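S.K.: Just dropping this structure here.
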Amino acid sequence: TAGLPDGNLKQGVCPEKGRVYEEAKNIVLFRDKRAPEAEVWNTEFGYDTQNSPQQCWPIGDKNSELVQADWLIRSYLLLSAAGIEKAFQFMIRDAGKSGLYATSGLYSSTLQNSPYLKPSWNYLSTFKSVLTNSYFVKLKVDSSSRLYEATYRNKLDSLLITKVIWYGTQTGKISKGYRPNTTNIIQLTSFHPQNACGLRRLLKKGEAIEISETPLFLQLHPKGIFPKCGAMKPMASTTLQCVDENGQQNDFLFDEQGIAGNPAMGLTSQTPSSGWRSSYKKNEEVVIDMGHSKHIPMLYIFDGASDGEITISIYSDLGWTEVAKLRMNHYNKWKPCVINGSTSKIRLSRTSGNAEVGEVVVYEKDSD
(Lines give C-alpha, C1' and ligand atoms only; values in the text may rest on other atoms or scores of the structure.)
Protein backbone atom coordinates (compact mmCIF):
# COMPACT_ATOMS: atom_id res chain seq x y z
CA THR A 1 0.00 0.00 0.00
CA ALA A 2 2.97 2.35 0.07
CA GLY A 3 4.52 2.10 -3.38
CA LEU A 4 6.15 -0.50 -5.56
CA PRO A 5 9.24 -2.35 -4.23
CA ASP A 6 11.54 -1.44 -7.12
CA GLY A 7 14.29 0.02 -4.94
CA ASN A 8 13.33 3.69 -5.46
CA LEU A 9 12.06 5.78 -2.56
CA LYS A 10 8.46 6.86 -3.06
CA GLN A 11 5.80 8.85 -1.30
CA GLY A 12 3.90 6.40 0.90
CA VAL A 13 0.22 5.83 0.20
CA CYS A 14 -2.33 6.14 3.00
CA PRO A 15 -4.85 3.28 3.34
CA GLU A 16 -7.74 5.29 1.85
CA LYS A 17 -5.73 6.29 -1.22
CA GLY A 18 -4.51 2.70 -1.44
CA ARG A 19 -8.17 1.53 -1.55
CA VAL A 20 -7.78 -0.78 1.43
CA TYR A 21 -11.52 -0.75 2.13
CA GLU A 22 -12.59 -1.29 -1.47
CA GLU A 23 -10.15 -4.14 -2.13
CA ALA A 24 -11.01 -5.88 1.13
CA LYS A 25 -14.75 -5.46 0.53
CA ASN A 26 -14.45 -7.08 -2.91
CA ILE A 27 -12.80 -10.12 -1.32
CA VAL A 28 -15.49 -10.31 1.38
CA LEU A 29 -18.25 -10.14 -1.26
CA PHE A 30 -16.54 -12.94 -3.21
CA ARG A 31 -16.41 -14.99 0.02
CA ASP A 32 -20.10 -14.31 0.70
CA LYS A 33 -20.98 -15.69 -2.73
CA ARG A 34 -18.56 -18.60 -3.05
CA ALA A 35 -17.71 -19.74 0.49
CA PRO A 36 -20.04 -18.09 3.03
CA GLU A 37 -18.89 -20.44 5.81
CA ALA A 38 -15.26 -19.25 5.57
CA GLU A 39 -13.59 -16.38 7.42
CA VAL A 40 -11.47 -13.80 5.62
CA TRP A 41 -8.18 -12.89 7.27
CA ASN A 42 -5.60 -10.29 6.31
CA THR A 43 -2.47 -11.97 7.62
CA GLU A 44 0.06 -9.22 6.85
CA PHE A 45 -0.16 -5.47 6.40
CA GLY A 46 1.93 -2.57 7.56
CA TYR A 47 4.09 0.46 6.82
CA ASP A 48 7.86 0.93 7.02
CA THR A 49 9.10 4.05 8.82
CA GLN A 50 12.66 4.43 7.49
CA ASN A 51 15.07 3.49 4.72
CA SER A 52 12.58 1.53 2.62
CA PRO A 53 11.38 1.73 -0.99
CA GLN A 54 7.82 1.97 0.37
CA GLN A 55 7.95 3.88 3.63
CA CYS A 56 5.76 6.42 5.36
CA TRP A 57 7.04 9.96 4.86
CA PRO A 58 6.59 12.86 7.30
CA ILE A 59 3.41 14.90 6.88
CA GLY A 60 3.40 18.43 8.32
CA ASP A 61 4.69 18.29 11.89
CA LYS A 62 4.33 14.49 12.08
CA ASN A 63 7.43 12.38 11.58
CA SER A 64 7.26 9.07 9.73
CA GLU A 65 6.62 7.07 12.91
CA LEU A 66 3.56 9.16 13.81
CA VAL A 67 2.30 8.76 10.24
CA GLN A 68 2.80 5.01 10.51
CA ALA A 69 0.73 4.99 13.71
CA ASP A 70 -2.10 6.92 12.01
CA TRP A 71 -2.13 4.65 8.96
CA LEU A 72 -2.10 1.42 10.99
CA ILE A 73 -5.15 2.51 13.00
CA ARG A 74 -6.97 3.66 9.87
CA SER A 75 -6.14 0.37 8.14
CA TYR A 76 -7.61 -1.63 11.01
CA LEU A 77 -10.76 0.49 10.95
CA LEU A 78 -11.20 0.09 7.19
CA LEU A 79 -10.55 -3.65 7.27
CA SER A 80 -13.08 -3.99 10.08
CA ALA A 81 -15.63 -1.96 8.11
CA ALA A 82 -15.09 -4.16 5.04
CA GLY A 83 -15.97 -7.29 7.02
CA ILE A 84 -12.51 -8.82 7.49
CA GLU A 85 -12.71 -11.18 10.49
CA LYS A 86 -9.06 -10.94 11.55
CA ALA A 87 -6.21 -8.61 10.56
CA PHE A 88 -2.53 -8.92 11.53
CA GLN A 89 -0.13 -5.99 11.44
CA PHE A 90 3.38 -6.91 10.22
CA MET A 91 5.18 -6.99 12.56
CA ILE A 92 5.81 -6.48 16.28
CA ARG A 93 9.51 -5.56 15.98
CA ASP A 94 11.73 -4.06 13.31
CA ALA A 95 13.77 -6.65 11.45
CA GLY A 96 16.65 -4.31 10.63
CA LYS A 97 17.72 -0.75 9.85
CA SER A 98 16.82 -0.65 6.18
CA GLY A 99 15.15 -2.53 3.40
CA LEU A 100 11.66 -3.54 2.39
CA TYR A 101 9.51 -4.47 5.44
CA ALA A 102 12.53 -4.04 7.78
CA THR A 103 11.20 -1.04 9.74
CA SER A 104 7.48 -1.84 9.86
CA GLY A 105 7.59 -2.80 13.56
CA LEU A 106 5.84 -1.34 16.56
CA TYR A 107 9.13 -1.22 18.42
CA SER A 108 12.72 -1.13 17.30
CA SER A 109 16.03 -2.35 18.65
CA THR A 110 17.90 -1.38 15.47
CA LEU A 111 17.20 2.29 14.73
CA GLN A 112 18.59 3.79 17.95
CA ASN A 113 21.26 2.91 20.51
CA SER A 114 18.71 1.21 22.77
CA PRO A 115 15.30 -0.42 22.13
CA TYR A 116 12.29 1.88 22.11
CA LEU A 117 8.55 1.78 21.47
CA LYS A 118 7.34 3.58 18.37
CA PRO A 119 4.16 5.67 18.73
CA SER A 120 2.27 2.88 16.94
CA TRP A 121 2.71 0.60 19.97
CA ASN A 122 0.67 2.85 22.27
CA TYR A 123 -1.72 3.82 19.48
CA LEU A 124 -2.65 0.16 19.00
CA SER A 125 -2.92 -0.36 22.76
CA THR A 126 -5.35 2.58 22.95
CA PHE A 127 -7.27 1.31 19.92
CA LYS A 128 -7.68 -2.10 21.52
CA SER A 129 -8.69 -0.72 24.92
CA VAL A 130 -11.43 1.52 23.48
CA LEU A 131 -12.96 -1.00 21.05
CA THR A 132 -12.63 -4.22 23.06
CA ASN A 133 -16.01 -6.02 23.15
CA SER A 134 -17.34 -3.82 20.33
CA TYR A 135 -18.56 -4.75 16.87
CA PHE A 136 -18.73 -2.74 13.66
CA VAL A 137 -22.07 -1.12 12.72
CA LYS A 138 -21.53 1.25 9.80
CA LEU A 139 -19.07 3.43 7.90
CA LYS A 140 -20.00 6.90 6.68
CA VAL A 141 -17.76 8.79 4.24
CA ASP A 142 -18.17 12.37 3.05
CA SER A 143 -16.84 12.21 -0.51
CA SER A 144 -16.24 15.95 -0.61
CA SER A 145 -14.32 16.54 2.65
CA ARG A 146 -13.02 12.93 2.92
CA LEU A 147 -14.30 12.80 6.50
CA TYR A 148 -14.66 9.20 7.69
CA GLU A 149 -16.92 8.11 10.56
CA ALA A 150 -16.93 4.48 11.70
CA THR A 151 -19.54 3.42 14.27
CA TYR A 152 -19.21 0.52 16.73
CA ARG A 153 -21.56 -0.85 19.41
CA ASN A 154 -20.46 -2.56 22.63
CA LYS A 155 -21.56 -6.21 22.97
CA LEU A 156 -21.73 -6.01 26.77
CA ASP A 157 -23.61 -2.70 26.92
CA SER A 158 -25.80 -1.95 23.88
CA LEU A 159 -26.18 1.67 25.02
CA LEU A 160 -22.45 2.32 24.54
CA ILE A 161 -21.71 3.59 21.02
CA THR A 162 -18.22 4.48 19.78
CA LYS A 163 -17.71 6.72 16.78
CA VAL A 164 -14.25 6.97 15.25
CA ILE A 165 -13.67 10.03 13.06
CA TRP A 166 -10.75 11.07 10.86
CA TYR A 167 -9.80 12.57 7.52
CA GLY A 168 -8.82 9.95 4.98
CA THR A 169 -6.16 12.13 3.39
CA GLN A 170 -2.38 12.51 3.61
CA THR A 171 -2.03 16.27 3.32
CA GLY A 172 -2.05 17.19 7.02
CA LYS A 173 -5.71 18.26 6.85
CA ILE A 174 -7.23 19.70 10.05
CA SER A 175 -10.60 21.26 10.89
CA LYS A 176 -11.51 22.83 14.24
CA GLY A 177 -15.28 23.24 14.29
CA TYR A 178 -16.65 19.69 14.62
CA ARG A 179 -19.52 19.44 17.14
CA PRO A 180 -21.00 16.02 17.89
CA ASN A 181 -24.79 16.00 17.47
CA THR A 182 -26.06 13.90 20.35
CA THR A 183 -27.82 14.12 23.71
CA ASN A 184 -25.55 11.42 25.18
CA ILE A 185 -22.64 11.99 27.51
CA ILE A 186 -19.46 11.87 25.42
CA GLN A 187 -16.00 10.65 26.36
CA LEU A 188 -13.27 11.78 23.96
CA THR A 189 -10.18 9.59 23.62
CA SER A 190 -7.21 10.84 21.63
CA PHE A 191 -3.94 9.05 20.94
CA HIS A 192 -0.68 9.89 22.68
CA PRO A 193 2.72 8.41 21.70
CA GLN A 194 3.72 7.71 25.33
CA ASN A 195 0.37 6.66 26.79
CA ALA A 196 -1.02 3.15 26.35
CA CYS A 197 -4.53 4.31 27.31
CA GLY A 198 -4.61 7.51 25.27
CA LEU A 199 -5.86 10.80 26.69
CA ARG A 200 -9.46 10.59 27.91
CA ARG A 201 -11.86 13.32 29.00
CA LEU A 202 -15.56 14.15 28.99
CA LEU A 203 -16.74 16.66 26.40
CA LYS A 204 -18.75 19.67 27.45
CA LYS A 205 -22.18 20.08 25.87
CA GLY A 206 -21.81 21.78 22.49
CA GLU A 207 -17.99 21.73 22.65
CA ALA A 208 -16.21 21.90 19.29
CA ILE A 209 -13.27 19.58 18.69
CA GLU A 210 -10.43 19.38 16.17
CA ILE A 211 -10.50 16.66 13.52
CA SER A 212 -7.34 15.58 11.71
CA GLU A 213 -5.80 12.61 9.94
CA THR A 214 -5.27 10.98 13.35
CA PRO A 215 -8.49 9.16 14.34
CA LEU A 216 -10.42 10.31 17.41
CA PHE A 217 -12.74 8.14 19.52
CA LEU A 218 -16.07 9.53 20.67
CA GLN A 219 -17.76 7.17 23.14
CA LEU A 220 -21.45 7.95 23.67
CA HIS A 221 -23.54 6.71 26.59
CA PRO A 222 -26.76 8.15 28.09
CA LYS A 223 -25.50 7.55 31.66
CA GLY A 224 -21.82 8.25 31.06
CA ILE A 225 -20.72 4.66 31.77
CA PHE A 226 -17.40 4.04 30.03
CA PRO A 227 -14.98 1.08 30.36
CA LYS A 228 -11.61 1.59 32.02
CA CYS A 229 -8.42 1.14 30.05
CA GLY A 230 -6.50 -1.49 31.99
CA ALA A 231 -3.25 -1.38 30.01
CA MET A 232 -0.14 -2.58 31.82
CA LYS A 233 2.90 -0.44 32.65
CA PRO A 234 5.97 -0.64 34.93
CA MET A 235 5.54 1.02 38.32
CA ALA A 236 7.86 3.92 39.07
CA SER A 237 10.65 2.77 41.40
CA THR A 238 10.14 5.91 43.50
CA THR A 239 6.79 4.47 44.67
CA LEU A 240 8.38 1.22 45.90
CA GLN A 241 10.33 0.26 49.02
CA CYS A 242 12.30 -2.93 49.51
CA VAL A 243 12.78 -4.24 53.06
CA ASP A 244 14.68 -7.37 54.16
CA GLU A 245 13.67 -9.77 56.94
CA ASN A 246 15.55 -7.61 59.46
CA GLY A 247 13.47 -4.57 58.58
CA GLN A 248 16.36 -2.87 56.79
CA GLN A 249 15.43 -0.83 53.72
CA ASN A 250 17.47 -1.66 50.63
CA ASP A 251 16.98 -0.60 47.04
CA PHE A 252 19.09 -3.34 45.43
CA LEU A 253 16.09 -4.72 43.51
CA PHE A 254 15.16 -1.30 42.06
CA ASP A 255 18.46 0.56 41.67
CA GLU A 256 18.87 -0.17 37.93
CA GLN A 257 15.40 0.46 36.57
CA GLY A 258 16.84 2.70 33.86
CA ILE A 259 18.58 -0.22 32.20
CA ALA A 260 15.85 -2.70 33.17
CA GLY A 261 13.44 -0.81 30.91
CA ASN A 262 10.25 -2.68 30.04
CA PRO A 263 11.10 -6.40 29.85
CA ALA A 264 7.50 -7.45 29.23
CA MET A 265 7.78 -5.60 25.92
CA GLY A 266 11.29 -6.87 25.20
CA LEU A 267 12.73 -3.41 25.87
CA THR A 268 15.89 -3.84 27.93
CA SER A 269 19.32 -2.42 27.30
CA GLN A 270 21.89 -3.85 29.74
CA THR A 271 22.34 -6.61 32.28
CA PRO A 272 21.71 -5.46 35.89
CA SER A 273 24.89 -5.68 37.94
CA SER A 274 23.59 -5.47 41.51
CA GLY A 275 20.88 -7.49 43.23
CA TRP A 276 20.00 -10.24 45.68
CA ARG A 277 23.09 -12.42 45.40
CA SER A 278 24.01 -15.99 46.33
CA SER A 279 26.37 -14.86 49.08
CA TYR A 280 23.29 -14.16 51.16
CA LYS A 281 21.97 -16.82 53.54
CA LYS A 282 19.36 -19.28 52.38
CA ASN A 283 15.73 -18.77 53.47
CA GLU A 284 16.20 -15.03 53.35
CA GLU A 285 13.33 -12.91 52.14
CA VAL A 286 12.68 -9.41 50.92
CA VAL A 287 9.38 -7.54 50.87
CA ILE A 288 8.41 -5.04 48.18
CA ASP A 289 6.12 -2.45 49.77
CA MET A 290 3.90 -0.33 47.47
CA GLY A 291 2.38 1.77 50.25
CA HIS A 292 -1.22 0.85 49.47
CA SER A 293 -3.12 -1.89 47.68
CA LYS A 294 -2.86 -2.00 43.88
CA HIS A 295 -3.87 -4.48 41.21
CA ILE A 296 -0.63 -6.11 40.05
CA PRO A 297 -0.86 -8.11 36.81
CA MET A 298 2.71 -9.44 36.93
CA LEU A 299 6.36 -9.03 37.81
CA TYR A 300 9.45 -9.46 35.69
CA ILE A 301 12.40 -10.85 37.65
CA PHE A 302 15.98 -10.85 36.40
CA ASP A 303 17.42 -14.34 36.86
CA GLY A 304 21.06 -14.05 37.89
CA ALA A 305 24.02 -16.38 37.39
CA SER A 306 23.26 -19.10 39.91
CA ASP A 307 20.75 -21.89 40.63
CA GLY A 308 17.95 -22.12 43.15
CA GLU A 309 14.29 -21.50 43.85
CA ILE A 310 12.33 -18.51 45.09
CA THR A 311 8.73 -18.27 46.26
CA ILE A 312 6.58 -15.21 45.48
CA SER A 313 3.75 -14.32 47.87
CA ILE A 314 1.30 -11.41 48.14
CA TYR A 315 -0.14 -9.86 51.31
CA SER A 316 -3.77 -9.26 52.29
CA ASP A 317 -5.74 -8.82 55.52
CA LEU A 318 -5.70 -12.62 55.81
CA GLY A 319 -1.92 -12.76 55.70
CA TRP A 320 0.50 -14.01 53.04
CA THR A 321 -0.64 -16.09 50.06
CA GLU A 322 1.82 -17.94 47.84
CA VAL A 323 1.24 -17.23 44.14
CA ALA A 324 4.27 -18.78 42.44
CA LYS A 325 7.53 -20.73 42.76
CA LEU A 326 10.29 -19.93 40.27
CA ARG A 327 13.38 -21.97 39.47
CA MET A 328 16.17 -19.46 38.97
CA ASN A 329 18.61 -21.16 36.60
CA HIS A 330 18.29 -19.34 33.27
CA TYR A 331 21.41 -17.22 33.85
CA ASN A 332 21.03 -13.52 33.18
CA LYS A 333 17.58 -13.58 31.60
CA TRP A 334 14.28 -11.93 32.50
CA LYS A 335 11.61 -14.24 33.87
CA PRO A 336 7.87 -13.38 34.07
CA CYS A 337 5.76 -14.07 37.15
CA VAL A 338 1.98 -13.69 36.90
CA ILE A 339 0.38 -12.14 40.00
CA ASN A 340 -3.03 -10.95 38.76
CA GLY A 341 -4.16 -9.85 42.20
CA SER A 342 -4.55 -6.84 44.46
CA THR A 343 -1.97 -6.35 47.17
CA SER A 344 0.12 -3.75 48.98
CA LYS A 345 3.15 -6.02 49.48
CA ILE A 346 4.99 -8.69 47.52
CA ARG A 347 7.41 -11.08 49.21
CA LEU A 348 10.31 -12.92 47.56
CA SER A 349 11.66 -15.83 49.63
CA ARG A 350 14.73 -17.89 48.77
CA THR A 351 13.60 -21.46 49.44
CA SER A 352 16.43 -23.53 47.99
CA GLY A 353 19.83 -23.27 46.39
CA ASN A 354 21.57 -19.97 45.71
CA ALA A 355 18.93 -18.18 43.65
CA GLU A 356 20.00 -14.73 42.48
CA VAL A 357 17.67 -11.87 41.60
CA GLY A 358 19.32 -8.98 39.80
CA GLU A 359 16.36 -6.60 39.46
CA VAL A 360 12.56 -6.63 39.69
CA VAL A 361 10.09 -4.70 37.52
CA VAL A 362 6.61 -4.48 39.04
CA TYR A 363 3.72 -3.93 36.62
CA GLU A 364 0.48 -2.15 37.41
CA LYS A 365 -2.67 -1.35 35.49
CA ASP A 366 -2.43 2.04 33.79
CA SER A 367 -5.02 4.66 34.73
CA ASP A 368 -7.32 6.31 32.19
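To be explicit about the labels: the chains of the C-alpha coordinates are called A, B, and onward in the order shown, and within each one the residues are counted from 1, while ligands get numbers from 1 in the order they are shown.
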So that I can see what lies close to Val141 in chain A, please list as a PyMOL selection string the residues with an atom at most 12 Å from it, counting only C-alpha atoms and leaving out residues fewer than 4 positions away in the same chain.
M.R.: chain A and resi 16+21+78+81+145-151+164-168
S.K.: Please tabulate, as a tab-separated table, the residues of range 229-324 of chain A that come within 9 Å of range 188-210 of chain A, each with its closest pair of atoms and the distance in Å to one decimal, counting only C-alpha atoms and ordering rows by chain, then residue number upward.
M.R.:
```
residue	atom	partner	partner_atom	distance
A:Cys229	CA	A:Cys197	CA	5.7
A:Gly230	CA	A:Cys197	CA	7.7
A:Ala231	CA	A:Ala196	CA	6.2
A:Met232	CA	A:Ala196	CA	8.0
A:Lys233	CA	A:Ala196	CA	8.2
```
S.K.: Between A:Gly172, A:Gly46, A:Gly258, A:Gly304, single out the one closest to Thr214 in chain A, counting only C-alpha atoms.
M.R.: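 Among A:Gly172, A:Gly46, A:Gly258, A:Gly304, it is A:Gly172 that comes nearest to Thr214 in chain A.
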S.K.: Quick check, in Å to one decimal: how far apart do CA of Thr182 in chain A and CA of Leu156 in chain A lie?
M.R.: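 Distance reported for this atom pair: 21.4 Å.
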S.K.: If I take CA of Ile174 in chain A and CA of Gly60 in chain A, how far is one from the other in Å, to one decimal?
M.R.: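 So the two atoms, CA of Ile174 in chain A and CA of Gly60 in chain A, lie 10.9 Å apart.
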S.K.: Kindly give the distance, in Å, that separates CA of Leu253 in chain A and CA of Gly358 in chain A, rounded to a single decimal.
M.R.: 6.5 Å
S.K.: Between A:Gly224, A:Pro336, A:Gly105, A:Gly18, single out the one closest to Phe88 in chain A, counting only C-alpha atoms.
M.R.: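 Checking each candidate against Phe88 in chain A, we get A:Gly105 as the closest.
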S.K.: Skipping near chain neighbours, those fewer than 5 positions away, what residues fall within 9 Å of Pro222 in chain A using only C-alpha atoms, listed as a short mmCIF file (atom, residue, chain, number, x, y, z; two decimals) with N, CA and C atoms, in the first residue's frame?
M.R.:
```
data_model
loop_
_atom_site.label_atom_id
_atom_site.label_comp_id
_atom_site.auth_asym_id
_atom_site.auth_seq_id
_atom_site.Cartn_x
_atom_site.Cartn_y
_atom_site.Cartn_z
N LEU A 159 -26.01 0.22 25.00
CA LEU A 159 -26.18 1.67 25.02
C LEU A 159 -24.88 2.41 24.70
N LEU A 160 -23.76 1.69 24.76
CA LEU A 160 -22.45 2.32 24.54
C LEU A 160 -22.11 2.27 23.04
N THR A 183 -27.41 13.76 22.35
CA THR A 183 -27.82 14.12 23.71
C THR A 183 -27.08 13.26 24.74
N ASN A 184 -26.28 12.31 24.28
CA ASN A 184 -25.55 11.42 25.18
C ASN A 184 -24.36 12.14 25.83
N ILE A 185 -23.92 11.57 26.93
CA ILE A 185 -22.64 11.99 27.51
C ILE A 185 -21.53 11.44 26.63
N ILE A 186 -20.52 12.25 26.37
CA ILE A 186 -19.46 11.87 25.42
C ILE A 186 -18.11 11.84 26.11
#
```
S.K.: Could you give me, as a ChimeraX atom specification, the residues within 8 Å of range 244-247 of chain A, counting only C-alpha atoms and dropping anything in the same chain fewer than 6 positions from it?
M.R.: /A:284-287
S.K.: Between A:Ile259, A:Met290, A:Ala69, A:Ile84, which is the closest to Glu22 in chain A once you count only C-alpha atoms?
M.R.: A:Ile84
S.K.: Which residue, A:His292, A:Tyr331, A:Lys138, A:Ala324, has the smallest gap to Ala305 in chain A when you use only C-alpha atoms?
M.R.: A:Tyr331
S.K.: Looking only at strand (DSSP E or B) from DSSP on the backbone, list the matching residues of range 105-288 of chain A as JSON, numbers by chain.
M.R.: {"A": [107, 108, 116, 117, 134, 135, 136, 137, 138, 139, 140, 141, 142, 147, 148, 149, 150, 151, 152, 153, 154, 161, 162, 163, 164, 165, 166, 167, 175, 176, 177, 178, 185, 186, 187, 188, 189, 190, 191, 192, 195, 196, 197, 198, 199, 200, 201, 202, 209, 210, 211, 216, 217, 218, 219, 220, 221, 232, 233, 234, 241, 242, 243, 244, 249, 262, 267, 276, 285, 286, 287, 288]}
S.K.: Run DSSP on the backbone and grab whatever in range 135-312 of chain A lands in helix (DSSP H, G or I); send it over as a list in words.
M.R.: Ser237, Thr238, Thr239, Gln257, Gly258, Ile259, Ala260, Pro263, Ala264 and Met265 of chain A
